[in-house]
Amino acid sequence: MALTRGNCFICGATVSKTAIKNHILKNHNDGDERCILIKAEGAYDKNYWLYFSVSLDATLSAADAFLRRIWCECCGHLSAFRRGVDELGKSRKLSLLYIGDILQYEYDFGSTTEILVTVVDNLSRPAQKEKVRLLARNVPALEKCVKCGAPATQIHAWEGGMFCDKCASNAKNNEAFLPIVNSPRCGECGYTGEYDKWTFDPSGPFPQPAAAPAKGRRKKLVSPDE
Ligand SMILES: [Zn+2]
Ligand SMILES: [Zn+2]
Ligand SMILES: [Zn+2]
């Protein structure tokens, strides 16, 4: 399956997963604040992916809070970052990692969601208030109902099949359905995506590129009678 495309949250462009890194580094590397570009993706389903920037003083704890809100949080489970076999303390600053480092992030040690977090590059951005800012995210996949082929909206938490609302309400054990959400934790535990406020809005607002210099005022047409 081809990797999903994504939305650039800075300019609104739709960009393939393979091109998004260069898109950000080339077009959006233009501010006074030095920060770090980070990629997160599902460890097993890499069609779920995010690019975000973190300030130089951001810790793993800030990245943890962000990943919980956008992708993971259901019942306050434990989480951890590891690099190889070492667990990293959450007070560690992301700026102390190396470009190219890949961390494993785990949320919930029972019904675990595993995420790979890659330190991509340095980036300059206009000053950001938040320690973590979303820059790009995969477009949600369109799933089809296993019964009727209509767009699926719910996933069965025990069996995994995806259903439309109508077929879900007619299914056995229909108390086990969860909403289909744009996250590698979709269908796990009681995850519903309730804290994910980062849905892409194609109408923006996106900051406009610097305006072209205004052309000279057009001369008023003078009618031949005057
Ligand atoms: Zn862009
Ligand atoms: Zn849970
Ligand atoms: Zn259906």
# chains A, B, ... in the order shown; residues from 1 in each chain; ligands from 1
call {"tool": "residues_around", "arguments": {"residues": "Arg69 (chain A)", "least_positions_apart": "4", "cutoff": "8 Å", "atoms": "only C-alpha atoms", "output": "ChimeraX atom specification"}}
result
/A:65,73,193,195-196
call {"tool": "residues_near_ligand", "arguments": {"ligand": "ligand 3", "cutoff": "8 Å", "atoms": "only C-alpha atoms and all ligand atoms", "output": "PyMOL selection string"}}
result
chain A and resi 144-152+163-168
call {"tool": "write_last_selection", "arguments": {"atoms": "C-alpha atoms", "output": "PDB file, in the first residue's frame"}}
result
ATOM      1  CA  LYS A 144     -14.904   0.814   3.882  1.00  0.00           C
ATOM      2  CA  CYS A 145     -17.533  -1.037   5.880  1.00  0.00           C
ATOM      3  CA  VAL A 146     -16.786  -4.803   5.791  1.00  0.00           C
ATOM      4  CA  LYS A 147     -20.522  -5.527   5.391  1.00  0.00           C
ATOM      5  CA  CYS A 148     -21.791  -3.044   2.812  1.00  0.00           C
ATOM      6  CA  GLY A 149     -18.840  -1.048   1.458  1.00  0.00           C
ATOM      7  CA  ALA A 150     -20.130   2.326   2.677  1.00  0.00           C
ATOM      8  CA  PRO A 151     -17.586   4.625   4.374  1.00  0.00           C
ATOM      9  CA  ALA A 152     -16.674   3.017   7.702  1.00  0.00           C
ATOM     10  CA  PHE A 163     -18.261  -0.894   9.941  1.00  0.00           C
ATOM     11  CA  CYS A 164     -20.541   1.954   8.945  1.00  0.00           C
ATOM     12  CA  ASP A 165     -22.912   3.271  11.642  1.00  0.00           C
ATOM     13  CA  LYS A 166     -25.864   1.320  10.308  1.00  0.00           C
ATOM     14  CA  CYS A 167     -24.122  -2.067  10.103  1.00  0.00           C
ATOM     15  CA  ALA A 168     -22.425  -1.433  13.485  1.00  0.00           C
TER      16      ALA A 168
END
call {"tool": "closest_residue", "arguments": {"among": "A:Asn173, A:Ser124, A:Asn29, A:Thr18", "to": "ligand 1", "atoms": "only C-alpha atoms and all ligand atoms"}}
result
A:Asn29
call {"tool": "closest_atom_pairs", "arguments": {"of": "chain A", "to": "ligand 2", "cutoff": "10 Å", "atoms": "only C-alpha atoms and all ligand atoms", "output": "CSV"}}
result
residue,atom,partner,partner_atom_place_in_ligand_line,distance
A:Cys72,CA,ligand 2,1 (Zn),8.7
A:Glu73,CA,ligand 2,1 (Zn),7.2
A:Cys74,CA,ligand 2,1 (Zn),4.4
A:Cys75,CA,ligand 2,1 (Zn),4.1
A:Gly76,CA,ligand 2,1 (Zn),6.8
A:His77,CA,ligand 2,1 (Zn),6.3
A:Leu78,CA,ligand 2,1 (Zn),9.9
A:Tyr107,CA,ligand 2,1 (Zn),9.4
A:Asp108,CA,ligand 2,1 (Zn),7.3
A:Gly110,CA,ligand 2,1 (Zn),8.9
A:Ser111,CA,ligand 2,1 (Zn),7.8
A:Thr112,CA,ligand 2,1 (Zn),9.5
A:Arg185,CA,ligand 2,1 (Zn),9.9
A:Glu188,CA,ligand 2,1 (Zn),7.4
A:Cys189,CA,ligand 2,1 (Zn),4.6
A:Gly190,CA,ligand 2,1 (Zn),5.1
A:Tyr191,CA,ligand 2,1 (Zn),6.4
A:Thr192,CA,ligand 2,1 (Zn),9.8
call {"tool": "closest_residue", "arguments": {"among": "A:Gln104, A:Ala127, A:Ala136, A:Arg34", "to": "ligand 1", "atoms": "only C-alpha atoms and all ligand atoms"}}
result
A:Ala136
call {"tool": "residues_near_ligand", "arguments": {"ligand": "ligand 1", "cutoff": "6 Å", "atoms": "only C-alpha atoms and all ligand atoms", "output": "MDAnalysis selection string"}}
result
chainID A and resid 8 10:13
call {"tool": "write_last_selection", "arguments": {"atoms": "N, CA and C atoms", "output": "CSV table (one decimal), in the first residue's frame"}}
result
chain,number,residue,atom,x,y,z
A,8,CYS,N,0.2,19.9,5.0
A,8,CYS,CA,1.1,20.8,5.6
A,8,CYS,C,0.2,21.8,6.4
A,10,ILE,N,1.2,24.4,7.8
A,10,ILE,CA,1.7,25.8,7.7
A,10,ILE,C,1.1,26.5,6.4
A,11,CYS,N,1.2,25.8,5.3
A,11,CYS,CA,0.8,26.5,4.0
A,11,CYS,C,-0.5,25.8,3.4
A,12,GLY,N,-0.9,24.7,3.9
A,12,GLY,CA,-2.1,24.0,3.4
A,12,GLY,C,-1.9,23.1,2.3
A,13,ALA,N,-0.6,22.9,1.8
A,13,ALA,CA,-0.4,22.0,0.7
A,13,ALA,C,-0.6,20.6,1.1
call {"tool": "select_by_dssp", "arguments": {"residues": "region 1-97 of chain A", "states": "strand (DSSP E)", "output": "ChimeraX atom specification"}}
result
/A:5-8,14-16,33-42,49-55,79-83,86-88
call {"tool": "write_last_selection", "arguments": {"atoms": "N, CA and C atoms", "output": "JSON list (two decimals), in the first residue's frame"}}
result
[["chain", "number", "residue", "atom", "x", "y", "z"],
["A", 5, "ARG", "N", -0.64, 10.37, 1.87],
["A", 5, "ARG", "CA", -0.27, 11.77, 1.74],
["A", 5, "ARG", "C", -0.62, 12.49, 3.02],
["A", 6, "GLY", "N", -0.13, 13.71, 3.12],
["A", 6, "GLY", "CA", -0.42, 14.47, 4.33],
["A", 6, "GLY", "C", -0.71, 15.92, 4.02],
["A", 7, "ASN", "N", -1.14, 16.63, 5.03],
["A", 7, "ASN", "CA", -1.43, 18.05, 4.93],
["A", 7, "ASN", "C", -0.35, 18.83, 5.65],
["A", 8, "CYS", "N", 0.15, 19.86, 4.96],
["A", 8, "CYS", "CA", 1.06, 20.80, 5.63],
["A", 8, "CYS", "C", 0.19, 21.81, 6.36],
["A", 14, "THR", "N", -0.98, 19.77, 0.07],
["A", 14, "THR", "CA", -1.05, 18.32, 0.25],
["A", 14, "THR", "C", 0.24, 17.74, -0.30],
["A", 15, "VAL", "N", 0.94, 16.97, 0.52],
["A", 15, "VAL", "CA", 2.30, 16.53, 0.18],
["A", 15, "VAL", "C", 2.43, 15.05, 0.54],
["A", 16, "SER", "N", 3.16, 14.29, -0.29],
["A", 16, "SER", "CA", 3.34, 12.87, 0.02],
["A", 16, "SER", "C", 4.25, 12.71, 1.23],
["A", 33, "GLU", "N", 13.49, 31.72, 15.52],
["A", 33, "GLU", "CA", 13.66, 30.78, 16.63],
["A", 33, "GLU", "C", 14.19, 29.45, 16.12],
["A", 34, "ARG", "N", 15.31, 29.03, 16.70],
["A", 34, "ARG", "CA", 15.84, 27.72, 16.34],
["A", 34, "ARG", "C", 15.03, 26.66, 17.07],
["A", 35, "CYS", "N", 14.64, 25.65, 16.36],
["A", 35, "CYS", "CA", 13.94, 24.55, 17.01],
["A", 35, "CYS", "C", 14.34, 23.25, 16.32],
["A", 36, "ILE", "N", 13.65, 22.19, 16.64],
["A", 36, "ILE", "CA", 14.03, 20.88, 16.11],
["A", 36, "ILE", "C", 12.82, 20.27, 15.43],
["A", 37, "LEU", "N", 13.06, 19.70, 14.26],
["A", 37, "LEU", "CA", 11.99, 19.04, 13.52],
["A", 37, "LEU", "C", 11.96, 17.56, 13.91],
["A", 38, "ILE", "N", 10.78, 17.10, 14.29],
["A", 38, "ILE", "CA", 10.62, 15.73, 14.77],
["A", 38, "ILE", "C", 9.55, 15.04, 13.92],
["A", 39, "LYS", "N", 9.79, 13.76, 13.63],
["A", 39, "LYS", "CA", 8.78, 12.94, 12.96],
["A", 39, "LYS", "C", 8.28, 11.88, 13.92],
["A", 40, "ALA", "N", 6.99, 11.64, 13.94],
["A", 40, "ALA", "CA", 6.45, 10.49, 14.68],
["A", 40, "ALA", "C", 5.64, 9.67, 13.71],
["A", 41, "GLU", "N", 5.72, 8.35, 13.83],
["A", 41, "GLU", "CA", 4.93, 7.47, 12.95],
["A", 41, "GLU", "C", 4.60, 6.19, 13.70],
["A", 42, "GLY", "N", 3.50, 5.57, 13.31],
["A", 42, "GLY", "CA", 3.14, 4.30, 13.91],
["A", 42, "GLY", "C", 4.26, 3.30, 13.67],
["A", 49, "TRP", "N", 1.32, 9.35, 10.49],
["A", 49, "TRP", "CA", 2.56, 10.09, 10.74],
["A", 49, "TRP", "C", 2.29, 11.55, 11.03],
["A", 50, "LEU", "N", 3.26, 12.14, 11.74],
["A", 50, "LEU", "CA", 3.20, 13.55, 12.13],
["A", 50, "LEU", "C", 4.58, 14.15, 11.96],
["A", 51, "TYR", "N", 4.63, 15.42, 11.59],
["A", 51, "TYR", "CA", 5.87, 16.20, 11.73],
["A", 51, "TYR", "C", 5.55, 17.35, 12.66],
["A", 52, "PHE", "N", 6.41, 17.57, 13.65],
["A", 52, "PHE", "CA", 6.19, 18.69, 14.55],
["A", 52, "PHE", "C", 7.51, 19.32, 14.92],
["A", 53, "SER", "N", 7.45, 20.58, 15.33],
["A", 53, "SER", "CA", 8.65, 21.27, 15.78],
["A", 53, "SER", "C", 8.59, 21.41, 17.29],
["A", 54, "VAL", "N", 9.75, 21.31, 17.92],
["A", 54, "VAL", "CA", 9.83, 21.52, 19.36],
["A", 54, "VAL", "C", 10.87, 22.59, 19.64],
["A", 55, "SER", "N", 10.61, 23.39, 20.66],
["A", 55, "SER", "CA", 11.59, 24.42, 21.04],
["A", 55, "SER", "C", 12.80, 23.75, 21.67],
["A", 79, "SER", "N", 3.58, 5.58, 30.04],
["A", 79, "SER", "CA", 4.25, 5.67, 28.74],
["A", 79, "SER", "C", 5.75, 5.74, 28.98],
["A", 80, "ALA", "N", 6.52, 5.48, 27.92],
["A", 80, "ALA", "CA", 7.98, 5.55, 28.06],
["A", 80, "ALA", "C", 8.62, 5.81, 26.71],
["A", 81, "PHE", "N", 9.78, 6.48, 26.75],
["A", 81, "PHE", "CA", 10.63, 6.63, 25.57],
["A", 81, "PHE", "C", 11.86, 5.75, 25.77],
["A", 82, "ARG", "N", 12.23, 5.02, 24.73],
["A", 82, "ARG", "CA", 13.46, 4.24, 24.80],
["A", 82, "ARG", "C", 14.32, 4.55, 23.58],
["A", 83, "ARG", "N", 15.63, 4.46, 23.81],
["A", 83, "ARG", "CA", 16.57, 4.50, 22.68],
["A", 83, "ARG", "C", 17.36, 3.22, 22.79],
["A", 86, "ASP", "N", 17.80, 1.44, 26.37],
["A", 86, "ASP", "CA", 17.77, 2.41, 27.47],
["A", 86, "ASP", "C", 16.47, 3.19, 27.50],
["A", 87, "GLU", "N", 15.84, 3.23, 28.67],
["A", 87, "GLU", "CA", 14.70, 4.13, 28.83],
["A", 87, "GLU", "C", 15.25, 5.51, 29.14],
["A", 88, "LEU", "N", 14.70, 6.52, 28.48],
["A", 88, "LEU", "CA", 15.17, 7.90, 28.68],
["A", 88, "LEU", "C", 14.23, 8.61, 29.65]]
call {"tool": "residues_around", "arguments": {"residues": "Ala176 (chain A)", "least_positions_apart": "6", "cutoff": "9 Å", "atoms": "only C-alpha atoms", "output": "list of chain:residue names"}}
result
A:Ile155, A:His156, A:Ala157, A:Trp158
call {"tool": "closest_residue", "arguments": {"among": "A:Val181, A:Phe9, A:Glu194, A:Arg68", "to": "Thr153 (chain A)", "atoms": "only C-alpha atoms"}}
result
A:Val181
call {"tool": "closest_residue", "arguments": {"among": "A:Ile102, A:Gln154, A:Asn182, A:Lys17", "to": "Gly84 (chain A)", "atoms": "only C-alpha atoms"}}
result
A:Ile102
call {"tool": "select_by_dssp", "arguments": {"residues": "region 87-224 of chain A", "states": "helix (DSSP H, G or I)", "output": "PDB file with N, CA and C atoms, in the first residue's frame"}}
result
ATOM      1  N   LEU A  94      14.954  17.401  24.337  1.00  0.00           N
ATOM      2  CA  LEU A  94      15.069  16.862  22.980  1.00  0.00           C
ATOM      3  C   LEU A  94      16.309  17.416  22.282  1.00  0.00           C
ATOM      4  N   SER A  95      16.735  18.626  22.676  1.00  0.00           N
ATOM      5  CA  SER A  95      17.911  19.218  22.019  1.00  0.00           C
ATOM      6  C   SER A  95      19.195  18.469  22.376  1.00  0.00           C
ATOM      7  N   LEU A  96      19.132  17.581  23.391  1.00  0.00           N
ATOM      8  CA  LEU A  96      20.322  16.792  23.727  1.00  0.00           C
ATOM      9  C   LEU A  96      20.391  15.489  22.936  1.00  0.00           C
ATOM     10  N   ASP A 165     -22.058   3.143  10.450  1.00  0.00           N
ATOM     11  CA  ASP A 165     -22.912   3.271  11.642  1.00  0.00           C
ATOM     12  C   ASP A 165     -24.074   2.281  11.611  1.00  0.00           C
ATOM     13  N   LYS A 166     -24.666   2.156  10.405  1.00  0.00           N
ATOM     14  CA  LYS A 166     -25.864   1.320  10.308  1.00  0.00           C
ATOM     15  C   LYS A 166     -25.525  -0.145  10.577  1.00  0.00           C
ATOM     16  N   CYS A 167     -24.483  -0.663   9.911  1.00  0.00           N
ATOM     17  CA  CYS A 167     -24.122  -2.067  10.103  1.00  0.00           C
ATOM     18  C   CYS A 167     -23.590  -2.295  11.522  1.00  0.00           C
ATOM     19  N   ALA A 168     -22.928  -1.279  12.113  1.00  0.00           N
ATOM     20  CA  ALA A 168     -22.425  -1.433  13.485  1.00  0.00           C
ATOM     21  C   ALA A 168     -23.590  -1.593  14.447  1.00  0.00           C
ATOM     22  N   SER A 169     -24.666  -0.838  14.223  1.00  0.00           N
ATOM     23  CA  SER A 169     -25.780  -0.924  15.171  1.00  0.00           C
ATOM     24  C   SER A 169     -26.501  -2.259  15.050  1.00  0.00           C
ATOM     25  N   ASN A 170     -26.368  -2.934  13.896  1.00  0.00           N
ATOM     26  CA  ASN A 170     -26.999  -4.251  13.720  1.00  0.00           C
ATOM     27  C   ASN A 170     -26.079  -5.403  14.112  1.00  0.00           C
ATOM     28  N   ASN A 174     -22.371  -5.083  19.848  1.00  0.00           N
ATOM     29  CA  ASN A 174     -22.136  -3.741  19.311  1.00  0.00           C
ATOM     30  C   ASN A 174     -21.728  -2.732  20.384  1.00  0.00           C
ATOM     31  N   GLU A 175     -21.651  -3.177  21.651  1.00  0.00           N
ATOM     32  CA  GLU A 175     -21.107  -2.283  22.684  1.00  0.00           C
ATOM     33  C   GLU A 175     -19.594  -2.161  22.551  1.00  0.00           C
ATOM     34  N   ALA A 176     -18.977  -3.005  21.733  1.00  0.00           N
ATOM     35  CA  ALA A 176     -17.512  -2.991  21.646  1.00  0.00           C
ATOM     36  C   ALA A 176     -16.991  -2.098  20.519  1.00  0.00           C
TER      37      ALA A 176
END
call {"tool": "closest_residue", "arguments": {"among": "A:Lys93, A:Arg137, A:Lys46, A:Lys129", "to": "Ile115 (chain A)", "atoms": "only C-alpha atoms"}}
result
A:Lys46
call {"tool": "atom_distance", "arguments": {"atom1": "CA of Glu106 (chain A)", "atom2": "CA of Glu143 (chain A)"}}
result
25.5 Å
call {"tool": "atom_distance", "arguments": {"atom1": "CA of Thr118 (chain A)", "atom2": "CA of Pro202 (chain A)"}}
result
26.9 Å
call {"tool": "atom_distance", "arguments": {"atom1": "CA of Val119 (chain A)", "atom2": "CA of Trp198 (chain A)"}}
result
21.2 Å
